[in-house]
$ cat target14.cif   # mmCIF, C-alpha atoms and all ligand atoms
data_work
#
loop_
_atom_site.label_atom_id
_atom_site.label_comp_id
_atom_site.auth_asym_id
_atom_site.auth_seq_id
_atom_site.Cartn_x
_atom_site.Cartn_y
_atom_site.Cartn_z
CA MET A 1 -142.50 142.98 132.08
CA THR A 2 -142.78 146.03 134.35
CA GLY A 3 -145.42 146.62 137.06
CA SER A 4 -145.87 145.71 140.71
CA LEU A 5 -146.31 141.92 140.67
CA SER A 6 -143.42 139.63 141.54
CA PRO A 7 -142.42 136.97 138.99
CA GLY A 8 -144.01 134.42 141.34
CA GLN A 9 -147.33 136.30 141.34
CA VAL A 10 -147.32 136.57 137.55
CA GLU A 11 -146.54 132.86 137.32
CA SER A 12 -149.38 132.10 139.75
CA PHE A 13 -151.82 134.23 137.72
CA ASN A 14 -150.77 132.53 134.48
CA ARG A 15 -151.17 129.08 136.03
CA GLU A 16 -154.36 129.59 138.07
CA GLY A 17 -156.12 132.24 135.97
CA TYR A 18 -156.68 134.49 138.98
CA LEU A 19 -154.79 136.27 141.74
CA ILE A 20 -156.02 138.06 144.87
CA LEU A 21 -153.96 141.02 146.09
CA ARG A 22 -154.59 142.25 149.62
CA GLY A 23 -154.78 145.90 150.73
CA VAL A 24 -154.09 147.53 147.36
CA LEU A 25 -156.68 150.30 147.72
CA ASP A 26 -156.46 152.86 150.50
CA LYS A 27 -159.68 153.39 152.43
CA GLY A 28 -159.26 157.11 153.12
CA THR A 29 -158.06 158.29 149.73
CA VAL A 30 -159.66 155.80 147.32
CA LEU A 31 -162.67 154.03 148.81
CA ASP A 32 -164.18 156.73 151.06
CA PRO A 33 -164.52 159.24 148.18
CA ILE A 34 -166.42 156.58 146.20
CA VAL A 35 -168.71 155.92 149.16
CA ALA A 36 -169.34 159.67 149.48
CA GLU A 37 -170.09 159.99 145.78
CA TYR A 38 -172.57 157.11 145.83
CA ALA A 39 -174.21 158.51 148.98
CA MET A 40 -174.89 161.66 146.99
CA VAL A 41 -176.37 159.73 144.03
CA LEU A 42 -178.52 157.72 146.42
CA ASP A 43 -179.69 160.92 148.11
CA ARG A 44 -180.81 162.24 144.72
CA LEU A 45 -182.61 158.97 143.91
CA ALA A 46 -184.31 158.84 147.33
CA ASN A 47 -185.55 162.42 146.97
CA GLU A 48 -186.93 161.71 143.49
CA LEU A 49 -188.72 158.56 144.64
CA HIS A 50 -190.12 160.34 147.67
CA GLU A 51 -191.38 163.26 145.59
CA ARG A 52 -193.13 160.78 143.29
CA GLY A 53 -194.72 159.11 146.32
CA GLU A 54 -192.94 155.81 145.67
CA ILE A 55 -191.31 155.64 149.11
CA SER A 56 -192.70 156.78 152.44
CA SER A 57 -189.42 158.28 153.70
CA THR A 58 -186.13 159.37 152.15
CA TYR A 59 -184.34 157.38 154.91
CA ALA A 60 -181.84 160.24 154.95
CA ASP A 61 -180.36 159.31 158.33
CA LEU A 62 -179.30 155.80 157.24
CA PRO A 63 -175.85 154.84 155.92
CA TYR A 64 -175.64 153.93 152.22
CA SER A 65 -176.07 150.17 152.49
CA ASP A 66 -179.02 150.33 154.90
CA ARG A 67 -180.62 153.15 152.95
CA ILE A 68 -180.58 151.37 149.60
CA THR A 69 -181.75 148.17 151.26
CA ARG A 70 -184.79 149.99 152.71
CA ILE A 71 -185.58 151.52 149.31
CA TRP A 72 -185.38 148.12 147.62
CA ALA A 73 -187.55 146.60 150.33
CA GLU A 74 -190.21 149.27 149.91
CA THR A 75 -190.31 149.48 146.10
CA GLY A 76 -189.29 145.95 145.13
CA LYS A 77 -187.24 147.53 142.34
CA ASP A 78 -183.56 147.26 141.46
CA TYR A 79 -181.98 150.69 140.94
CA THR A 80 -178.50 149.48 139.97
CA GLN A 81 -178.54 151.37 136.66
CA TYR A 82 -178.63 154.69 138.59
CA PHE A 83 -175.22 153.85 140.00
CA ASP A 84 -173.63 151.96 137.14
CA PHE A 85 -170.85 153.50 135.07
CA THR A 86 -171.96 151.88 131.86
CA LEU A 87 -175.12 151.56 129.81
CA PRO A 88 -177.38 148.54 129.36
CA GLN A 89 -176.55 146.05 126.60
CA SER A 90 -179.90 146.83 124.96
CA ALA A 91 -182.86 149.20 125.20
CA THR A 92 -180.87 152.26 126.28
CA LYS A 93 -183.08 155.35 126.26
CA ALA A 94 -182.12 159.01 125.90
CA ASP A 95 -182.56 159.41 129.67
CA THR A 96 -181.20 156.08 130.93
CA PRO A 97 -179.40 157.01 134.16
CA PHE A 98 -175.74 156.21 134.83
CA TRP A 99 -173.04 157.51 137.14
CA THR A 100 -169.55 158.43 135.96
CA GLY A 101 -168.32 160.51 138.88
CA PRO A 102 -164.76 161.68 139.55
CA ALA A 103 -164.12 159.16 142.35
CA VAL A 104 -165.09 156.27 140.05
CA PHE A 105 -162.86 157.71 137.31
CA ALA A 106 -160.00 157.98 139.82
CA LEU A 107 -160.49 154.31 140.68
CA LEU A 108 -160.20 153.34 137.00
CA ARG A 109 -156.91 155.24 136.92
CA ASN A 110 -155.71 154.00 140.32
CA GLU A 111 -151.94 153.48 140.29
CA GLY A 112 -152.08 150.31 142.41
CA ILE A 113 -154.53 148.70 140.00
CA LEU A 114 -152.68 149.85 136.89
CA ASP A 115 -149.31 148.70 138.30
CA ALA A 116 -150.72 145.20 138.84
CA VAL A 117 -152.38 145.12 135.42
CA GLU A 118 -149.17 146.37 133.79
CA SER A 119 -147.36 143.28 135.10
CA LEU A 120 -149.79 141.13 133.10
CA ILE A 121 -150.37 143.04 129.85
CA GLY A 122 -147.63 145.66 129.64
CA PRO A 123 -147.58 149.46 129.97
CA GLU A 124 -150.06 150.37 127.18
CA ILE A 125 -153.29 150.01 129.14
CA TYR A 126 -156.81 150.72 127.91
CA ALA A 127 -159.72 150.95 130.38
CA ASN A 128 -162.23 148.64 128.68
CA PRO A 129 -165.87 149.85 128.85
CA VAL A 130 -167.15 146.48 130.12
CA GLN A 131 -167.30 147.75 133.70
CA HIS A 132 -169.92 147.67 136.43
CA VAL A 133 -170.92 148.52 139.93
CA ARG A 134 -172.74 145.58 141.53
CA LEU A 135 -175.23 146.23 144.29
CA LYS A 136 -176.27 142.76 145.23
CA PRO A 137 -179.35 143.00 147.42
CA PRO A 138 -180.11 140.61 150.26
CA GLU A 139 -181.92 137.72 148.63
CA GLN A 140 -184.67 137.85 151.23
CA LEU A 141 -185.83 141.14 149.68
CA LEU A 142 -186.35 139.65 146.26
CA ARG A 143 -189.75 138.47 145.18
CA ALA A 144 -190.41 135.01 143.76
CA SER A 145 -190.47 134.89 139.94
CA PRO A 146 -193.85 134.82 138.16
CA THR A 147 -193.34 131.06 137.68
CA GLY A 148 -193.05 130.70 141.45
CA GLU A 149 -189.30 129.98 141.46
CA ALA A 150 -187.65 131.05 144.71
CA PRO A 151 -185.34 134.05 144.34
CA ASN A 152 -181.68 133.25 143.77
CA ASN A 153 -179.33 136.13 143.13
CA ALA A 154 -176.19 134.08 142.55
CA THR A 155 -174.35 135.11 139.39
CA PRO A 156 -174.20 132.02 137.16
CA TRP A 157 -170.88 130.52 136.06
CA HIS A 158 -169.42 132.29 133.05
CA GLN A 159 -166.23 133.54 131.44
CA ASP A 160 -165.94 137.25 130.76
CA ASN A 161 -164.85 136.36 127.23
CA GLY A 162 -168.40 135.02 126.81
CA VAL A 163 -170.01 138.45 127.26
CA VAL A 164 -168.05 140.36 124.64
CA THR A 165 -168.38 140.33 120.87
CA GLU A 166 -166.34 137.75 118.94
CA ASP A 167 -163.87 140.30 117.60
CA ALA A 168 -162.48 140.52 121.17
CA ASP A 169 -161.92 136.78 121.65
CA GLU A 170 -158.15 137.21 121.48
CA THR A 171 -158.09 140.52 123.36
CA ASP A 172 -155.90 140.13 126.42
CA MET A 173 -158.60 141.41 128.77
CA ILE A 174 -157.96 141.38 132.52
CA THR A 175 -160.88 141.66 134.94
CA VAL A 176 -160.26 143.52 138.21
CA TRP A 177 -163.00 142.75 140.76
CA LEU A 178 -163.05 144.62 144.07
CA PRO A 179 -165.45 144.87 146.99
CA LEU A 180 -166.45 148.18 148.57
CA THR A 181 -167.71 146.29 151.60
CA ASN A 182 -166.40 142.91 152.74
CA ALA A 183 -167.24 140.02 150.41
CA SER A 184 -168.03 136.75 152.18
CA VAL A 185 -169.66 133.47 151.20
CA GLU A 186 -172.74 134.64 153.11
CA ASN A 187 -173.14 137.94 151.25
CA GLY A 188 -172.29 136.59 147.80
CA CYS A 189 -168.55 136.79 147.14
CA LEU A 190 -167.07 135.64 143.86
CA VAL A 191 -166.10 132.02 143.35
CA VAL A 192 -163.52 131.03 140.72
CA GLN A 193 -162.51 127.79 139.05
CA PRO A 194 -158.71 127.74 139.13
CA ASN A 195 -156.44 126.47 136.42
CA SER A 196 -159.16 126.15 133.78
CA HIS A 197 -158.69 129.25 131.63
CA HIS A 198 -156.39 127.25 129.33
CA GLU A 199 -159.35 125.37 127.87
CA GLY A 200 -160.57 128.12 125.57
CA LEU A 201 -163.99 129.71 125.37
CA LEU A 202 -166.70 127.42 126.76
CA PRO A 203 -170.32 127.38 125.56
CA HIS A 204 -172.63 129.80 127.36
CA CYS A 205 -176.42 129.54 127.37
CA PRO A 206 -179.03 132.25 127.78
CA SER A 207 -180.76 132.42 131.16
CA ASP A 208 -183.98 130.86 129.81
CA ALA A 209 -182.21 127.81 128.30
CA PRO A 210 -183.30 124.40 129.63
CA ALA A 211 -179.69 123.54 130.65
CA ARG A 212 -179.35 125.10 134.10
CA ASN A 213 -176.29 126.21 135.95
CA ARG A 214 -175.51 124.40 139.15
CA ASN A 215 -175.66 127.47 141.36
CA GLY A 216 -179.19 128.28 140.19
CA GLY A 217 -178.41 131.90 139.28
CA THR A 218 -180.65 133.17 136.51
CA ALA A 219 -179.22 136.56 135.53
CA GLY A 220 -177.36 136.48 132.23
CA LEU A 221 -175.41 133.80 130.42
CA HIS A 222 -174.26 130.59 132.05
CA ILE A 223 -171.88 127.75 131.29
CA PRO A 224 -173.82 124.45 131.44
CA ASP A 225 -172.69 122.15 134.26
CA ALA A 226 -171.23 119.59 131.88
CA PHE A 227 -168.46 122.06 130.97
CA LEU A 228 -167.51 122.95 134.53
CA ALA A 229 -164.98 121.22 136.78
CA PRO A 230 -166.37 119.45 139.87
CA GLU A 231 -167.66 121.89 142.47
CA GLU A 232 -164.95 120.95 145.02
CA VAL A 233 -162.18 122.55 142.97
CA SER A 234 -163.72 126.01 143.00
CA VAL A 235 -162.27 128.67 145.31
CA ASP A 236 -164.27 131.29 147.23
CA ALA A 237 -162.77 134.75 146.78
CA VAL A 238 -163.37 135.99 150.33
CA MET A 239 -162.15 139.59 150.35
CA GLU A 240 -162.06 142.81 152.36
CA ALA A 241 -162.52 146.33 151.05
CA GLY A 242 -159.11 147.34 149.68
CA ASP A 243 -158.33 143.92 148.17
CA ILE A 244 -158.46 143.30 144.42
CA LEU A 245 -159.00 140.12 142.41
CA LEU A 246 -157.38 139.80 138.98
CA MET A 247 -158.88 137.34 136.50
CA HIS A 248 -158.03 136.06 133.04
CA ARG A 249 -160.83 136.56 130.48
CA ARG A 250 -161.38 132.80 130.28
CA THR A 251 -161.44 132.01 133.99
CA PRO A 252 -164.86 130.51 134.80
CA HIS A 253 -166.35 132.34 137.76
CA ALA A 254 -169.67 132.92 139.48
CA SER A 255 -170.85 134.54 142.68
CA HIS A 256 -172.73 133.13 145.63
CA ARG A 257 -176.23 134.16 146.65
CA ASN A 258 -176.51 137.04 149.10
CA THR A 259 -178.11 135.41 152.11
CA ALA A 260 -177.01 138.23 154.47
CA ASP A 261 -179.36 141.06 155.40
CA TYR A 262 -177.26 143.80 153.81
CA VAL A 263 -176.15 144.72 150.31
CA ARG A 264 -172.90 143.36 148.83
CA TRP A 265 -171.29 146.21 146.97
CA SER A 266 -168.48 145.76 144.41
CA PHE A 267 -166.96 147.00 141.19
CA ASP A 268 -165.66 145.03 138.25
CA LEU A 269 -163.28 146.81 135.91
CA ARG A 270 -161.53 145.54 132.81
CA TYR A 271 -158.36 146.49 131.02
CA ASN A 272 -156.69 145.40 127.80
CA PRO A 273 -153.63 146.41 125.79
CA THR A 274 -154.46 149.60 123.89
CA GLY A 275 -155.44 148.93 120.29
CA GLN A 276 -157.08 145.54 120.88
CA PRO A 277 -160.89 145.30 120.35
CA SER A 278 -162.86 146.00 123.53
CA GLY A 279 -165.77 143.71 122.67
CA ARG A 280 -168.24 146.59 123.25
CA SER A 281 -167.25 148.99 120.51
CA ALA A 282 -170.39 151.11 120.94
CA PHE A 283 -169.19 152.16 124.40
CA PRO A 284 -166.23 154.40 125.24
CA GLY A 285 -163.03 153.21 126.89
CA PHE A 286 -159.92 155.32 127.32
CA VAL A 287 -156.15 155.09 127.55
CA ALA A 288 -155.46 154.76 131.28
CA ARG A 289 -151.67 154.44 131.01
CA SER A 290 -149.19 154.75 128.19
CA ALA A 291 -145.42 154.56 128.51
CA ALA A 292 -144.94 155.16 124.78
CA GLU A 293 -147.46 158.00 124.27
CA PRO A 294 -148.31 159.46 127.69
CA TRP A 295 -150.15 162.39 126.09
CA THR A 296 -152.87 159.94 124.96
CA GLU A 297 -153.86 159.16 128.57
CA LEU A 298 -157.21 160.50 129.71
CA HIS A 299 -156.99 162.43 133.00
CA ASP A 300 -160.21 164.44 132.84
CA PRO A 301 -163.30 162.91 134.51
CA VAL A 302 -165.57 165.43 132.81
CA ALA A 303 -164.31 164.35 129.37
CA TRP A 304 -165.04 160.75 130.41
CA THR A 305 -168.62 161.63 131.37
CA ASP A 306 -169.02 163.48 128.06
CA MET A 307 -167.96 160.32 126.22
CA TRP A 308 -170.71 158.34 127.97
CA LEU A 309 -173.30 161.05 127.33
CA GLU A 310 -172.37 160.96 123.65
CA ALA A 311 -172.61 157.15 123.64
CA ARG A 312 -176.03 157.26 125.29
CA ALA A 313 -177.34 159.72 122.69
CA ARG A 314 -175.89 157.57 119.90
CA VAL A 315 -177.16 154.15 121.05
CA SER A 316 -180.56 155.16 122.42
CA GLY A 317 -183.18 153.68 120.14
CA ALA A 318 -180.47 152.18 117.87
CA PRO A 319 -179.96 148.44 117.35
CA MET A 320 -177.08 147.00 119.39
CA PRO A 321 -174.94 144.02 118.40
CA ALA A 322 -175.89 140.71 120.02
CA PHE A 323 -173.58 139.99 122.94
CA ASN A 324 -174.81 136.43 123.22
CA ARG A 325 -173.55 134.22 120.43
CA TRP A 326 -175.22 131.04 121.77
CA ASP A 327 -178.81 130.14 121.14
CA ARG A 328 -181.02 128.54 123.77
CA SER A 329 -181.71 125.71 121.31
CA ALA A 330 -177.98 124.97 120.80
CA VAL A 331 -177.24 121.35 121.54
CA THR A 332 -175.20 122.25 124.65
CA CYS A 333 -178.08 124.36 126.00
CA ALA A 334 -180.95 121.96 125.36
O1 LIG B 401 -170.06 140.66 141.21
C1 LIG B 401 -170.68 139.67 140.87
O2 LIG B 401 -171.49 139.12 141.61
C2 LIG B 401 -170.48 139.09 139.51
C3 LIG B 401 -169.39 139.79 138.79
C4 LIG B 401 -168.93 139.05 137.60
O3 LIG B 401 -169.32 137.97 137.30
C5 LIG B 401 -167.93 139.65 136.75
O4 LIG B 401 -167.35 140.65 137.13
O5 LIG B 401 -167.72 139.12 135.65
#

$ encode --input "target14.cif" --output "structure tokens"
Amino acid sequence: MTGSLSPGQVESFNREGYLILRGVLDKGTVLDPIVAEYAMVLDRLANELHERGEISSTYADLPYSDRITRIWAETGKDYTQYFDFTLPQSATKADTPFWTGPAVFALLRNEGILDAVESLIGPEIYANPVQHVRLKPPEQLLRASPTGEAPNNATPWHQDNGVVTEDADETDMITVWLPLTNASVENGCLVVQPNSHHEGLLPHCPSDAPARNRNGGTAGLHIPDAFLAPEEVSVDAVMEAGDILLMHRRTPHASHRNTADYVRWSFDLRYNPTGQPSGRSAFPGFVARSAAEPWTELHDPVAWTDMWLEARARVSGAPMPAFNRWDRSAVTCA
């Protein structure tokens, strides 16, 4: 196999189901342009909210993280969709916001990321549309749920295979998770369960199922505790901006709560060998690298945005496939 990983790193990934690579992304040429792009989107959002009287100041003099934290604190709303480079799994509207800027596109095509991914799946690489920015707010800003439950913004334990449609179960999908700011246990870094991706797809339960997940996170699907290894074997993925985490599609992972007083900011990208089902066929991916047919690679960020605009027009108001194949009344969820 070609690519940038040593045989030992590939062997470690195959054994453990994850691998952290340090200092892959350059701050000046890769990360700073993303920060600048998001500062511009946030500026637009702050001006809109201020014009509508929803915030008392645009907080224009604050850096990105402080500025979005102040806006969350004042409105109590989560504006992640403004910044995300995908669409919601349901209820997309003709004007649902999203952000597919050139710096984000450049990250999806980043040579350091693609070289690492190539070592695991080969040189025909498709950028899978299951991709997100995560702006994890300080938990202290969140309000208690209507049932009085204390806020908990941990991401529950899951496998990424669990959030795609069944046709992609055998797709060799690699997750690439990367922080834009440091990721610590305090601010909600990822936590992975090593050496357990060999056990196949585990049951996942909807967030309102009686079977709870041990970290208490409520957003999205979770693997019931009975199917997880003891807590002591999990590994905290403490990372700095520039590092990347590679994960197998069946590696159980979660993230900690953000108990810091600032936002934890990260991206999760996914790649698979071109031609395999993406598991979100309504959304557009693209050929990021091809040794055999280089002319099929997408290099134009505007064309990428156009693909998402077309997808938004197509799916808005239309029924979407169910991404959750488990029912809350399933025996494992009861
Ligand atoms: O970033 C997070 O907190 C969760 C991300 C995640 O679970 C994923 O990328 O699958």

$ closest_atom_pairs --input "target14.cif" --of "region 91-187 of chain A" --to "region 22-42 of chain A" --cutoff "9 Å" --atoms "all atoms listed in the file" --output "Markdown table"
| residue | atom | partner | partner_atom | distance |
| --- | --- | --- | --- | --- |
| A:Trp99 | CA | A:Val41 | CA | 8.0 |
| A:Gly101 | CA | A:Glu37 | CA | 7.1 |
| A:Pro102 | CA | A:Glu37 | CA | 8.4 |
| A:Ala103 | CA | A:Ile34 | CA | 5.2 |
| A:Val104 | CA | A:Ile34 | CA | 6.3 |
| A:Ala106 | CA | A:Val30 | CA | 7.8 |
| A:Leu107 | CA | A:Val30 | CA | 6.9 |
| A:Asn110 | CA | A:Val30 | CA | 8.2 |
| A:Gly112 | CA | A:Val24 | CA | 6.0 |
| A:Ile113 | CA | A:Val24 | CA | 7.5 |
| A:Leu180 | CA | A:Leu31 | CA | 7.0 |

$ residues_around --input "target14.cif" --residues "Gly76 (chain A)" --least-positions-apart "2" --cutoff "9 Å" --atoms "all atoms listed in the file" --output "list in words"
Ile71, Trp72, Ala73, Glu74, Asp78, Leu141, Leu142 and Arg143 of chain A

$ residues_near_ligand --input "target14.cif" --ligand "ligand LIG 401 (chain B)" --cutoff "6 Å" --atoms "only C-alpha atoms and all ligand atoms" --output "PyMOL selection string"
chain A and resi 134+155+160+254-255+268

$ atom_distance --input "target14.cif" --atom1 "CA of Asp208 (chain A)" --atom2 "CA of Thr171 (chain A)"
28.4 Å

$ closest_residue --input "target14.cif" --among "A:Leu108, A:Leu62, A:Gln89, A:Ala154" --to "Gly285 (chain A)" --atoms "all atoms listed in the file"
A:Leu108

$ closest_residue --input "target14.cif" --among "A:Asn14, A:Arg312, A:Ala334, A:Pro277" --to "Thr96 (chain A)" --atoms "only C-alpha atoms"
A:Arg312

$ residues_around --input "target14.cif" --residues "Val331 (chain A)" --least-positions-apart "2" --cutoff "12 Å" --atoms "only C-alpha atoms" --output "PDB file with C-alpha atoms, in the coordinates of the input"
ATOM      1  CA  PRO A 203    -170.320 127.380 125.560  1.00  0.00           C
ATOM      2  CA  HIS A 204    -172.630 129.800 127.360  1.00  0.00           C
ATOM      3  CA  CYS A 205    -176.420 129.540 127.370  1.00  0.00           C
ATOM      4  CA  ALA A 209    -182.210 127.810 128.300  1.00  0.00           C
ATOM      5  CA  PRO A 210    -183.300 124.400 129.630  1.00  0.00           C
ATOM      6  CA  ALA A 211    -179.690 123.540 130.650  1.00  0.00           C
ATOM      7  CA  PRO A 224    -173.820 124.450 131.440  1.00  0.00           C
ATOM      8  CA  TRP A 326    -175.220 131.040 121.770  1.00  0.00           C
ATOM      9  CA  ASP A 327    -178.810 130.140 121.140  1.00  0.00           C
ATOM     10  CA  ARG A 328    -181.020 128.540 123.770  1.00  0.00           C
ATOM     11  CA  SER A 329    -181.710 125.710 121.310  1.00  0.00           C
ATOM     12  CA  CYS A 333    -178.080 124.360 126.000  1.00  0.00           C
ATOM     13  CA  ALA A 334    -180.950 121.960 125.360  1.00  0.00           C
TER      14      ALA A 334
END

$ residues_around --input "target14.cif" --residues "Leu19 (chain A)" --least-positions-apart "5" --cutoff "8 Å" --atoms "all atoms listed in the file" --output "list of chain:residue names"
A:Gln9, A:Ser12, A:Phe13, A:Leu245, A:Leu246, A:Met247

$ atom_distance --input "target14.cif" --atom1 "CA of Ala318 (chain A)" --atom2 "CA of Val133 (chain A)"
24.3 Å

$ atom_distance --input "target14.cif" --atom1 "CA of Tyr271 (chain A)" --atom2 "CA of Thr92 (chain A)"
23.7 Å

$ closest_residue --input "target14.cif" --among "A:Pro252, A:Gly8, A:Gly217, A:Gly162" --to "Val235 (chain A)" --atoms "only C-alpha atoms"
A:Pro252

$ residues_near_point --input "target14.cif" --point "(-188.4, 150.8, 141.0)" --cutoff "12 Å" --atoms "only C-alpha atoms" --output "list in words"
Leu45, Ala46, Glu48, Leu49, His50, Arg52, Gly53, Glu54, Ile55, Ile68, Ile71, Trp72, Ala73, Glu74, Thr75, Gly76, Lys77, Asp78, Tyr79, Thr80, Gln81 and Tyr82 of chain A

$ closest_residue --input "target14.cif" --among "A:Leu114, A:Leu87, A:Val238, A:Cys189" --to "Ile20 (chain A)" --atoms "all atoms listed in the file"
A:Val238

$ residues_around --input "target14.cif" --residues "Arg280 (chain A)" --least-positions-apart "5" --cutoff "9 Å" --atoms "only C-alpha atoms" --output "ChimeraX atom specification"
/A:89,128-130,164-165,168,321,323

$ residues_around --input "target14.cif" --residues "Ala311 (chain A)" --least-positions-apart "4" --cutoff "9 Å" --atoms "only C-alpha atoms" --output "number ranges by chain"
A: 87, 282-284, 306-307, 315-316

$ write_last_selection --input "target14.cif" --atoms "C-alpha atoms" --output "compact mmCIF listing (two decimals), in the frame of the given file"
# COMPACT_ATOMS: atom_id res chain seq x y z
CA LEU A 87 -175.12 151.56 129.81
CA ALA A 282 -170.39 151.11 120.94
CA PHE A 283 -169.19 152.16 124.40
CA PRO A 284 -166.23 154.40 125.24
CA ASP A 306 -169.02 163.48 128.06
CA MET A 307 -167.96 160.32 126.22
CA VAL A 315 -177.16 154.15 121.05
CA SER A 316 -180.56 155.16 122.42

$ closest_residue --input "target14.cif" --among "A:Ala292, A:Ala229, A:Ile121, A:Ala330" --to "His197 (chain A)" --atoms "only C-alpha atoms"
A:Ala229

$ closest_residue --input "target14.cif" --among "A:Ala237, A:Val117, A:Leu269, A:Ala219" --to "Val10 (chain A)" --atoms "only C-alpha atoms"
A:Val117

$ residues_near_point --input "target14.cif" --point "(-154.9, 157.8, 128.8)" --cutoff "10 Å" --atoms "all atoms listed in the file" --output "PyMOL selection string"
chain A and resi 109+124-127+274+285-290+293-300

$ write_last_selection --input "target14.cif" --atoms "C-alpha atoms" --output "compact mmCIF listing (two decimals), in the coordinates of the input"
# COMPACT_ATOMS: atom_id res chain seq x y z
CA ARG A 109 -156.91 155.24 136.92
CA GLU A 124 -150.06 150.37 127.18
CA ILE A 125 -153.29 150.01 129.14
CA TYR A 126 -156.81 150.72 127.91
CA ALA A 127 -159.72 150.95 130.38
CA THR A 274 -154.46 149.60 123.89
CA GLY A 285 -163.03 153.21 126.89
CA PHE A 286 -159.92 155.32 127.32
CA VAL A 287 -156.15 155.09 127.55
CA ALA A 288 -155.46 154.76 131.28
CA ARG A 289 -151.67 154.44 131.01
CA SER A 290 -149.19 154.75 128.19
CA GLU A 293 -147.46 158.00 124.27
CA PRO A 294 -148.31 159.46 127.69
CA TRP A 295 -150.15 162.39 126.09
CA THR A 296 -152.87 159.94 124.96
CA GLU A 297 -153.86 159.16 128.57
CA LEU A 298 -157.21 160.50 129.71
CA HIS A 299 -156.99 162.43 133.00
CA ASP A 300 -160.21 164.44 132.84

$ decode --input "target14.cif" --residues "region 152-164 of chain A" --atoms "N, CA and C atoms" --output "short mmCIF file (atom, residue, chain, number, x, y, z; two decimals), in the first residue's frame"
data_model
loop_
_atom_site.label_atom_id
_atom_site.label_comp_id
_atom_site.auth_asym_id
_atom_site.auth_seq_id
_atom_site.Cartn_x
_atom_site.Cartn_y
_atom_site.Cartn_z
N ASN A 152 -25.73 18.00 29.64
CA ASN A 152 -24.57 17.12 29.49
C ASN A 152 -24.28 17.06 28.00
N ASN A 153 -23.22 17.73 27.56
CA ASN A 153 -22.98 17.73 26.12
C ASN A 153 -21.88 16.77 25.69
N ALA A 154 -21.75 15.68 26.45
CA ALA A 154 -20.90 14.57 25.98
C ALA A 154 -21.55 13.97 24.73
N THR A 155 -20.75 13.51 23.79
CA THR A 155 -21.29 12.72 22.68
C THR A 155 -21.35 11.27 23.14
N PRO A 156 -22.52 10.63 23.04
CA PRO A 156 -22.61 9.25 23.53
C PRO A 156 -21.75 8.28 22.72
N TRP A 157 -21.47 7.13 23.29
CA TRP A 157 -20.67 6.10 22.62
C TRP A 157 -21.41 5.60 21.38
N HIS A 158 -20.68 5.53 20.29
CA HIS A 158 -21.26 5.03 19.04
C HIS A 158 -20.15 4.58 18.10
N GLN A 159 -20.56 3.89 17.04
CA GLN A 159 -19.64 3.59 15.93
C GLN A 159 -20.13 4.40 14.74
N ASP A 160 -19.23 4.91 13.93
CA ASP A 160 -19.69 5.70 12.79
C ASP A 160 -20.46 4.83 11.79
N ASN A 161 -20.19 3.55 11.77
CA ASN A 161 -20.98 2.63 10.95
C ASN A 161 -22.47 2.67 11.35
N GLY A 162 -22.72 3.01 12.60
CA GLY A 162 -24.11 3.04 13.09
C GLY A 162 -24.92 4.22 12.57
N VAL A 163 -24.26 5.23 12.01
CA VAL A 163 -25.01 6.42 11.57
C VAL A 163 -25.09 6.54 10.04
N VAL A 164 -24.77 5.44 9.36
CA VAL A 164 -24.95 5.44 7.91
C VAL A 164 -26.01 4.39 7.55
#
